[in-house]
$ cat upload21.txt   # compact mmCIF, C-alpha atoms
# COMPACT_ATOMS: atom_id res chain seq x y z
CA MET A 1 -49.26 79.30 -109.60
CA GLU A 2 -47.40 78.86 -106.35
CA ASN A 3 -44.34 76.78 -105.57
CA SER A 4 -42.23 76.14 -102.53
CA ASN A 5 -40.42 79.45 -102.89
CA GLN A 6 -43.58 81.54 -103.26
CA THR A 7 -46.03 82.75 -100.63
CA ILE A 8 -48.98 85.03 -101.08
CA ALA A 9 -48.29 88.42 -99.44
CA LYS A 10 -50.58 89.22 -96.50
CA ARG A 11 -48.70 92.35 -95.52
CA PHE A 12 -46.75 94.83 -97.65
CA VAL A 13 -43.75 97.02 -96.98
CA LEU A 14 -43.70 100.52 -98.52
CA LEU A 15 -40.12 101.41 -99.49
CA GLY A 16 -40.97 105.10 -99.25
CA LEU A 17 -39.55 108.24 -100.84
CA SER A 18 -35.84 107.48 -100.47
CA ASN A 19 -33.48 104.70 -99.42
CA VAL A 20 -31.55 107.21 -97.29
CA HIS A 21 -33.21 107.65 -93.87
CA GLY A 22 -32.03 111.28 -93.51
CA LEU A 23 -33.62 112.21 -96.83
CA GLN A 24 -36.74 110.24 -95.87
CA VAL A 25 -37.13 112.44 -92.77
CA ILE A 26 -36.58 115.67 -94.76
CA PHE A 27 -39.09 114.63 -97.42
CA SER A 28 -41.63 113.61 -94.78
CA LEU A 29 -41.35 116.97 -92.99
CA LEU A 30 -41.70 118.77 -96.32
CA PHE A 31 -44.78 116.69 -97.13
CA LEU A 32 -46.23 117.44 -93.70
CA LEU A 33 -45.73 121.18 -94.27
CA MET A 34 -47.38 120.98 -97.70
CA PHE A 35 -50.23 118.95 -96.21
CA MET A 36 -50.79 121.63 -93.54
CA VAL A 37 -50.88 124.33 -96.25
CA THR A 38 -53.27 122.15 -98.29
CA PHE A 39 -55.57 121.56 -95.33
CA THR A 40 -55.54 125.21 -94.18
CA GLY A 41 -56.09 126.70 -97.66
CA ASN A 42 -58.86 124.31 -98.64
CA PHE A 43 -60.60 124.36 -95.24
CA LEU A 44 -60.53 128.17 -95.25
CA LEU A 45 -62.16 128.21 -98.68
CA ILE A 46 -64.92 125.81 -97.57
CA LEU A 47 -65.56 127.90 -94.46
CA VAL A 48 -65.65 131.21 -96.35
CA VAL A 49 -68.05 129.84 -98.99
CA ARG A 50 -70.28 128.44 -96.26
CA LEU A 51 -70.44 131.70 -94.28
CA ASN A 52 -70.89 134.24 -97.11
CA LEU A 53 -74.21 134.54 -98.91
CA LYS A 54 -72.55 136.29 -101.87
CA LEU A 55 -70.61 133.10 -102.60
CA GLN A 56 -73.69 130.85 -102.68
CA THR A 57 -73.33 130.30 -106.44
CA PRO A 58 -72.68 127.16 -108.54
CA MET A 59 -69.03 128.12 -109.12
CA TYR A 60 -68.23 128.32 -105.41
CA PHE A 61 -70.35 125.27 -104.66
CA PHE A 62 -68.11 123.29 -107.03
CA LEU A 63 -64.97 124.94 -105.63
CA SER A 64 -65.86 123.99 -102.06
CA ASN A 65 -66.46 120.41 -103.22
CA LEU A 66 -63.05 120.45 -104.93
CA SER A 67 -61.46 121.69 -101.71
CA PHE A 68 -63.05 118.87 -99.72
CA ILE A 69 -61.78 116.32 -102.27
CA ASP A 70 -58.26 117.82 -102.14
CA ILE A 71 -58.14 117.56 -98.34
CA CYS A 72 -59.25 113.92 -98.46
CA PHE A 73 -56.98 113.14 -101.45
CA SER A 74 -53.85 114.32 -99.62
CA THR A 75 -55.02 112.59 -96.42
CA THR A 76 -54.93 109.19 -98.18
CA VAL A 77 -51.15 109.55 -98.67
CA VAL A 78 -49.33 112.11 -96.49
CA PRO A 79 -50.24 111.05 -92.89
CA LYS A 80 -49.15 107.45 -93.63
CA ILE A 81 -45.76 108.68 -94.92
CA VAL A 82 -45.16 110.78 -91.79
CA ILE A 83 -46.25 107.96 -89.44
CA ASP A 84 -44.02 105.44 -91.25
CA THR A 85 -41.01 107.76 -90.99
CA LEU A 86 -41.51 108.49 -87.28
CA SER A 87 -42.23 104.89 -86.30
CA HIS A 88 -39.63 103.31 -88.64
CA ASP A 89 -42.35 100.80 -89.55
CA LYS A 90 -43.17 100.98 -93.25
CA SER A 91 -45.47 97.98 -93.32
CA ILE A 92 -49.14 98.11 -94.30
CA SER A 93 -51.72 95.35 -94.06
CA PHE A 94 -53.31 93.78 -97.13
CA LEU A 95 -56.67 95.36 -96.19
CA GLY A 96 -55.04 98.71 -95.38
CA CYS A 97 -53.31 98.74 -98.77
CA ALA A 98 -56.60 97.92 -100.53
CA ALA A 99 -58.39 100.72 -98.63
CA GLN A 100 -55.66 103.22 -99.47
CA LEU A 101 -55.81 102.32 -103.17
CA TYR A 102 -59.62 102.43 -103.16
CA PHE A 103 -59.93 105.90 -101.65
CA HIS A 104 -57.01 107.24 -103.67
CA LEU A 105 -58.57 106.10 -106.97
CA ALA A 106 -62.06 107.23 -105.94
CA LEU A 107 -60.97 110.72 -104.87
CA GLY A 108 -58.65 111.14 -107.86
CA GLY A 109 -61.48 110.16 -110.21
CA SER A 110 -63.88 112.51 -108.41
CA GLU A 111 -61.44 115.38 -108.88
CA CYS A 112 -61.09 114.64 -112.61
CA LEU A 113 -64.84 114.64 -113.16
CA LEU A 114 -65.41 117.68 -110.94
CA LEU A 115 -62.81 119.71 -112.86
CA ALA A 116 -64.71 118.87 -116.06
CA ILE A 117 -67.98 119.99 -114.41
CA MET A 118 -66.30 123.25 -113.34
CA ALA A 119 -65.14 123.85 -116.91
CA TYR A 120 -68.73 123.39 -118.11
CA ASP A 121 -69.90 125.83 -115.42
CA ARG A 122 -67.41 128.46 -116.66
CA TYR A 123 -68.39 127.77 -120.28
CA THR A 124 -72.06 128.34 -119.44
CA ALA A 125 -71.30 131.51 -117.43
CA ILE A 126 -69.14 133.10 -120.13
CA CYS A 127 -70.68 131.79 -123.36
CA LYS A 128 -74.34 131.69 -122.27
CA PRO A 129 -74.63 134.37 -119.55
CA LEU A 130 -78.35 135.05 -120.06
CA GLN A 131 -79.23 131.36 -119.67
CA TYR A 132 -76.73 130.64 -116.88
CA THR A 133 -79.14 130.81 -113.93
CA ALA A 134 -81.70 128.64 -115.66
CA ILE A 135 -79.16 126.03 -116.77
CA MET A 136 -77.00 125.81 -113.63
CA ASN A 137 -79.86 125.48 -111.16
CA LYS A 138 -79.50 123.91 -107.72
CA ILE A 139 -80.95 120.53 -108.75
CA LEU A 140 -78.53 120.18 -111.68
CA CYS A 141 -75.55 121.16 -109.51
CA LEU A 142 -76.44 118.55 -106.88
CA PHE A 143 -77.06 115.95 -109.59
CA LEU A 144 -73.67 116.63 -111.24
CA VAL A 145 -71.72 116.45 -107.96
CA GLY A 146 -73.65 113.38 -106.78
CA GLY A 147 -73.07 111.65 -110.12
CA CYS A 148 -69.38 112.55 -109.99
CA TRP A 149 -68.93 110.96 -106.55
CA THR A 150 -71.06 107.89 -107.32
CA ALA A 151 -69.34 107.10 -110.63
CA SER A 152 -65.85 107.56 -109.17
CA PHE A 153 -66.42 105.41 -106.07
CA LEU A 154 -68.07 102.65 -108.12
CA ASN A 155 -65.25 102.71 -110.68
CA SER A 156 -62.67 102.62 -107.88
CA PHE A 157 -64.37 99.61 -106.29
CA ILE A 158 -64.12 97.66 -109.55
CA LEU A 159 -60.45 98.54 -110.12
CA THR A 160 -59.50 97.77 -106.50
CA LEU A 161 -61.33 94.44 -106.67
CA PHE A 162 -59.52 93.53 -109.91
CA THR A 163 -56.15 94.53 -108.43
CA PHE A 164 -56.46 92.68 -105.13
CA GLN A 165 -57.69 89.47 -106.73
CA LEU A 166 -54.15 89.11 -108.10
CA PRO A 167 -51.76 86.81 -106.20
CA PHE A 168 -48.86 88.90 -104.85
CA CYS A 169 -46.20 86.23 -104.52
CA LYS A 170 -43.09 87.75 -106.15
CA SER A 171 -42.40 90.02 -103.20
CA ASN A 172 -44.16 92.08 -100.54
CA LEU A 173 -41.94 95.14 -101.10
CA ILE A 174 -43.84 97.99 -102.81
CA ASN A 175 -41.31 100.29 -104.47
CA HIS A 176 -43.41 103.38 -103.81
CA PHE A 177 -44.56 105.55 -100.91
CA PHE A 178 -48.19 104.37 -101.01
CA CYS A 179 -50.29 101.61 -102.57
CA GLU A 180 -50.84 102.36 -106.26
CA MET A 181 -51.70 100.07 -109.17
CA PRO A 182 -48.48 100.08 -111.29
CA PRO A 183 -46.08 99.05 -108.48
CA LEU A 184 -48.61 96.46 -107.23
CA PHE A 185 -48.75 94.84 -110.69
CA HIS A 186 -45.01 94.19 -110.47
CA LEU A 187 -45.51 92.10 -107.33
CA SER A 188 -47.97 89.70 -108.96
CA CYS A 189 -46.87 86.33 -110.29
CA ALA A 190 -50.04 86.07 -112.42
CA ASP A 191 -50.85 87.62 -115.78
CA THR A 192 -52.14 91.15 -115.08
CA TRP A 193 -53.31 91.99 -118.61
CA LEU A 194 -57.05 91.96 -117.74
CA THR A 195 -56.57 94.25 -114.73
CA GLU A 196 -54.33 96.56 -116.76
CA LEU A 197 -56.91 96.64 -119.57
CA ALA A 198 -59.58 97.63 -117.04
CA LYS A 199 -57.26 100.36 -115.75
CA TYR A 200 -56.57 101.72 -119.27
CA ILE A 201 -60.30 101.79 -120.10
CA SER A 202 -61.14 103.46 -116.79
CA VAL A 203 -58.39 106.08 -116.99
CA GLY A 204 -59.11 106.66 -120.68
CA LEU A 205 -62.79 107.36 -120.07
CA THR A 206 -62.42 109.29 -116.80
CA VAL A 207 -59.17 111.20 -117.18
CA LEU A 208 -58.72 111.57 -120.93
CA GLY A 209 -62.45 112.14 -121.47
CA SER A 210 -62.59 114.83 -118.77
CA PHE A 211 -59.44 116.51 -120.04
CA LEU A 212 -60.75 116.70 -123.63
CA TRP A 213 -64.05 118.11 -122.31
CA ILE A 214 -62.12 120.82 -120.43
CA LEU A 215 -60.07 121.69 -123.53
CA MET A 216 -63.23 121.97 -125.66
CA SER A 217 -64.92 124.13 -123.01
CA TYR A 218 -61.93 126.46 -122.82
CA PHE A 219 -61.67 126.63 -126.60
CA SER A 220 -65.25 127.96 -126.70
CA ILE A 221 -64.51 130.28 -123.76
CA THR A 222 -61.43 131.64 -125.58
CA LEU A 223 -63.46 132.39 -128.71
CA THR A 224 -66.00 134.29 -126.59
CA ILE A 225 -63.28 136.24 -124.75
CA LEU A 226 -61.71 137.32 -128.05
CA LYS A 227 -64.99 139.11 -128.84
CA ILE A 228 -64.67 141.30 -125.74
CA SER A 229 -63.88 144.88 -126.81
CA SER A 230 -61.94 145.91 -123.71
CA ALA A 231 -58.28 144.85 -123.85
CA LYS A 232 -58.02 145.00 -120.05
CA GLU A 233 -61.00 142.68 -119.59
CA ARG A 234 -59.64 140.28 -122.22
CA GLN A 235 -56.27 140.14 -120.46
CA LYS A 236 -57.94 139.52 -117.09
CA ALA A 237 -60.07 136.72 -118.52
CA PHE A 238 -57.10 135.09 -120.29
CA SER A 239 -55.04 135.29 -117.10
CA THR A 240 -57.72 133.39 -115.17
CA CYS A 241 -58.05 130.78 -117.91
CA ALA A 242 -54.28 130.34 -118.22
CA SER A 243 -53.73 129.76 -114.49
CA HIS A 244 -56.64 127.32 -114.41
CA LEU A 245 -55.31 125.38 -117.41
CA ILE A 246 -51.79 125.20 -115.93
CA VAL A 247 -53.06 123.39 -112.82
CA VAL A 248 -55.46 121.25 -114.85
CA SER A 249 -52.65 120.25 -117.25
CA LEU A 250 -50.33 119.44 -114.35
CA PHE A 251 -52.96 117.25 -112.66
CA TYR A 252 -54.20 115.44 -115.76
CA GLY A 253 -50.77 115.21 -117.40
CA THR A 254 -49.18 113.46 -114.41
CA ILE A 255 -52.11 111.04 -113.98
CA MET A 256 -52.11 110.13 -117.69
CA PHE A 257 -48.33 109.64 -117.60
CA MET A 258 -48.65 107.38 -114.56
CA HIS A 259 -51.59 105.25 -115.72
CA LEU A 260 -51.74 105.30 -119.54
CA ARG A 261 -48.18 104.39 -120.51
CA PRO A 262 -47.03 100.80 -121.25
CA ARG A 263 -46.06 98.63 -118.29
CA HIS A 264 -42.48 98.06 -119.53
CA SER A 265 -41.74 101.81 -119.15
CA TYR A 266 -42.39 101.67 -115.37
CA SER A 267 -39.67 103.51 -113.43
CA PRO A 268 -39.99 103.63 -109.61
CA GLU A 269 -37.81 106.75 -109.16
CA GLN A 270 -39.53 108.68 -111.94
CA ASP A 271 -42.99 107.58 -110.84
CA ARG A 272 -42.43 108.77 -107.27
CA VAL A 273 -41.72 112.29 -108.55
CA VAL A 274 -44.71 112.27 -110.91
CA THR A 275 -47.05 110.98 -108.20
CA ILE A 276 -45.95 113.71 -105.77
CA LEU A 277 -47.13 116.33 -108.28
CA TYR A 278 -50.75 115.16 -108.40
CA THR A 279 -51.16 113.83 -104.85
CA VAL A 280 -49.43 116.61 -102.87
CA VAL A 281 -48.55 119.63 -105.03
CA THR A 282 -51.77 120.10 -107.02
CA PRO A 283 -54.15 119.90 -103.99
CA MET A 284 -52.00 122.57 -102.34
CA LEU A 285 -52.12 124.86 -105.40
CA ASN A 286 -55.82 124.45 -106.19
CA PRO A 287 -57.25 126.87 -103.56
CA ILE A 288 -54.64 129.48 -104.55
CA ILE A 289 -55.17 129.21 -108.31
CA TYR A 290 -58.94 128.77 -108.34
CA SER A 291 -60.09 131.01 -105.58
CA ILE A 292 -57.70 132.92 -103.33
CA ARG A 293 -56.62 134.96 -106.37
CA ASN A 294 -60.31 135.76 -106.85
CA LYS A 295 -61.37 139.23 -105.66
CA ASP A 296 -64.74 138.04 -104.25
CA VAL A 297 -63.06 135.34 -102.18
CA LYS A 298 -60.43 137.74 -100.80
CA VAL A 299 -63.15 140.21 -99.76
CA ALA A 300 -65.15 137.36 -98.18
CA ILE A 301 -62.06 136.13 -96.27
CA LYS A 302 -61.40 139.62 -94.87
CA LYS A 303 -65.07 139.99 -93.92
CA THR A 304 -65.09 136.59 -92.17
CA MET A 305 -61.88 137.37 -90.28
CA ASN A 306 -63.23 140.77 -89.15
CA ILE A 307 -66.43 139.12 -87.84
CA SER A 308 -64.33 136.55 -85.95
CA ILE A 309 -62.09 139.25 -84.43
CA ASN A 310 -65.06 141.43 -83.39
CA HIS A 311 -66.73 138.47 -81.67
$ encode --input "upload21.txt" --output "structure tokens"
Amino acid sequence: MENSNQTIAKRFVLLGLSNVHGLQVIFSLLFLLMFMVTFTGNFLLILVVRLNLKLQTPMYFFLSNLSFIDICFSTTVVPKIVIDTLSHDKSISFLGCAAQLYFHLALGGSECLLLAIMAYDRYTAICKPLQYTAIMNKILCLFLVGGCWTASFLNSFILTLFTFQLPFCKSNLINHFFCEMPPLFHLSCADTWLTELAKYISVGLTVLGSFLWILMSYFSITLTILKISSAKERQKAFSTCASHLIVVSLFYGTIMFMHLRPRHSYSPEQDRVVTILYTVVTPMLNPIIYSIRNKDVKVAIKKTMNISINH
């Protein structure tokens, strides 16, 4: 497998967002700004849900979990980009790269499954309102979130193990701004078909399965909304569903494009843009789309701020 011209990579170099240093700095600052918005918006939501008894419901329990995932998800990518740009050192250790891939896959998978759980929660609330409290009890909510985290971190461990058993002897230059599976495959001098098969199965079950579940849930929700007599209430409900589905489609669409297409269609420039959408943009939009537009959350934020000011 090795010859005199090949060495197994022990340290990688991330080529980053752009080959032009000036653009690299601009992109890094933009990412830092978006990360700050992501952190502030999601942390504020977690705090508000925690401090307001009115928001102690399954929906806001899931939303606060989503916010925590979004903060961690962005943290796996953005701080490293900023540090690399400031230090002019784009290298990352073999173990550091494996850790970044592991947490990125685990948190991304957790978000996929949690979004499906949230769709089921909305389906139960809208289509089975009289049974909602009995169905979405505290034990079930904890079980669903715990199962979501456990399954995602276990799945990520398997995929990371498969990936980093490959010999990376073609090059140590990762044509991306963080460690992700497709660009890593291109550095291996071994046959990657088994690892890629594991990736396709994993993404197919987790991402595609969750996305189809969400679509089915919203199809049932739409049928229920159409039965509402008030045109104003129907419009309000459709507006909420539409905004939710836009973010869901953006998140799932970009992940499926990145991980379910054939290897020969890999394009570093295109993939960098696609990856930015689900690692940086979507976590920033989630608290706005899911909650800050929500009247109860806005009232709770004002109440929390007034308490803080008075104290």
$ closest_residue --input "upload21.txt" --among "A:Leu223, A:Val248, A:Pro182, A:Val299" --to "Ser265 (chain A)" --atoms "all atoms listed in the file"
A:Pro182
$ closest_residue --input "upload21.txt" --among "A:Ser220, A:Thr279, A:Ser110, A:Asn137" --to "Phe153 (chain A)" --atoms "only C-alpha atoms"
A:Ser110
$ closest_residue --input "upload21.txt" --among "A:Leu285, A:Gly16, A:Arg234, A:His264" --to "Ile246 (chain A)" --atoms "all atoms listed in the file"
A:Leu285
$ atom_distance --input "upload21.txt" --atom1 "CA of Leu47 (chain A)" --atom2 "CA of Ala116 (chain A)"
23.4 Å
$ closest_residue --input "upload21.txt" --among "A:Phe68, A:Tyr290, A:Phe219, A:Tyr200" --to "Leu260 (chain A)" --atoms "only C-alpha atoms"
A:Tyr200
$ residues_around --input "upload21.txt" --residues "Leu277 (chain A)" --least-positions-apart "6" --cutoff "12 Å" --atoms "all atoms listed in the file" --output "JSON, numbers by chain"
{"A": [31, 34, 74, 247, 248, 249, 250, 251, 252, 253, 254, 255, 257, 258, 270, 271, 283, 284, 285]}
$ write_last_selection --input "upload21.txt" --atoms "C-alpha atoms" --output "mmCIF file, in the coordinates of the input"
data_model
loop_
_atom_site.group_PDB
_atom_site.id
_atom_site.type_symbol
_atom_site.label_atom_id
_atom_site.label_comp_id
_atom_site.auth_asym_id
_atom_site.auth_seq_id
_atom_site.Cartn_x
_atom_site.Cartn_y
_atom_site.Cartn_z
ATOM 1 C CA PHE A 31 -44.780 116.690 -97.130
ATOM 2 C CA MET A 34 -47.380 120.980 -97.700
ATOM 3 C CA SER A 74 -53.850 114.320 -99.620
ATOM 4 C CA VAL A 247 -53.060 123.390 -112.820
ATOM 5 C CA VAL A 248 -55.460 121.250 -114.850
ATOM 6 C CA SER A 249 -52.650 120.250 -117.250
ATOM 7 C CA LEU A 250 -50.330 119.440 -114.350
ATOM 8 C CA PHE A 251 -52.960 117.250 -112.660
ATOM 9 C CA TYR A 252 -54.200 115.440 -115.760
ATOM 10 C CA GLY A 253 -50.770 115.210 -117.400
ATOM 11 C CA THR A 254 -49.180 113.460 -114.410
ATOM 12 C CA ILE A 255 -52.110 111.040 -113.980
ATOM 13 C CA PHE A 257 -48.330 109.640 -117.600
ATOM 14 C CA MET A 258 -48.650 107.380 -114.560
ATOM 15 C CA GLN A 270 -39.530 108.680 -111.940
ATOM 16 C CA ASP A 271 -42.990 107.580 -110.840
ATOM 17 C CA PRO A 283 -54.150 119.900 -103.990
ATOM 18 C CA MET A 284 -52.000 122.570 -102.340
ATOM 19 C CA LEU A 285 -52.120 124.860 -105.400
#
$ atom_distance --input "upload21.txt" --atom1 "CA of Thr222 (chain A)" --atom2 "CA of Thr57 (chain A)"
22.6 Å
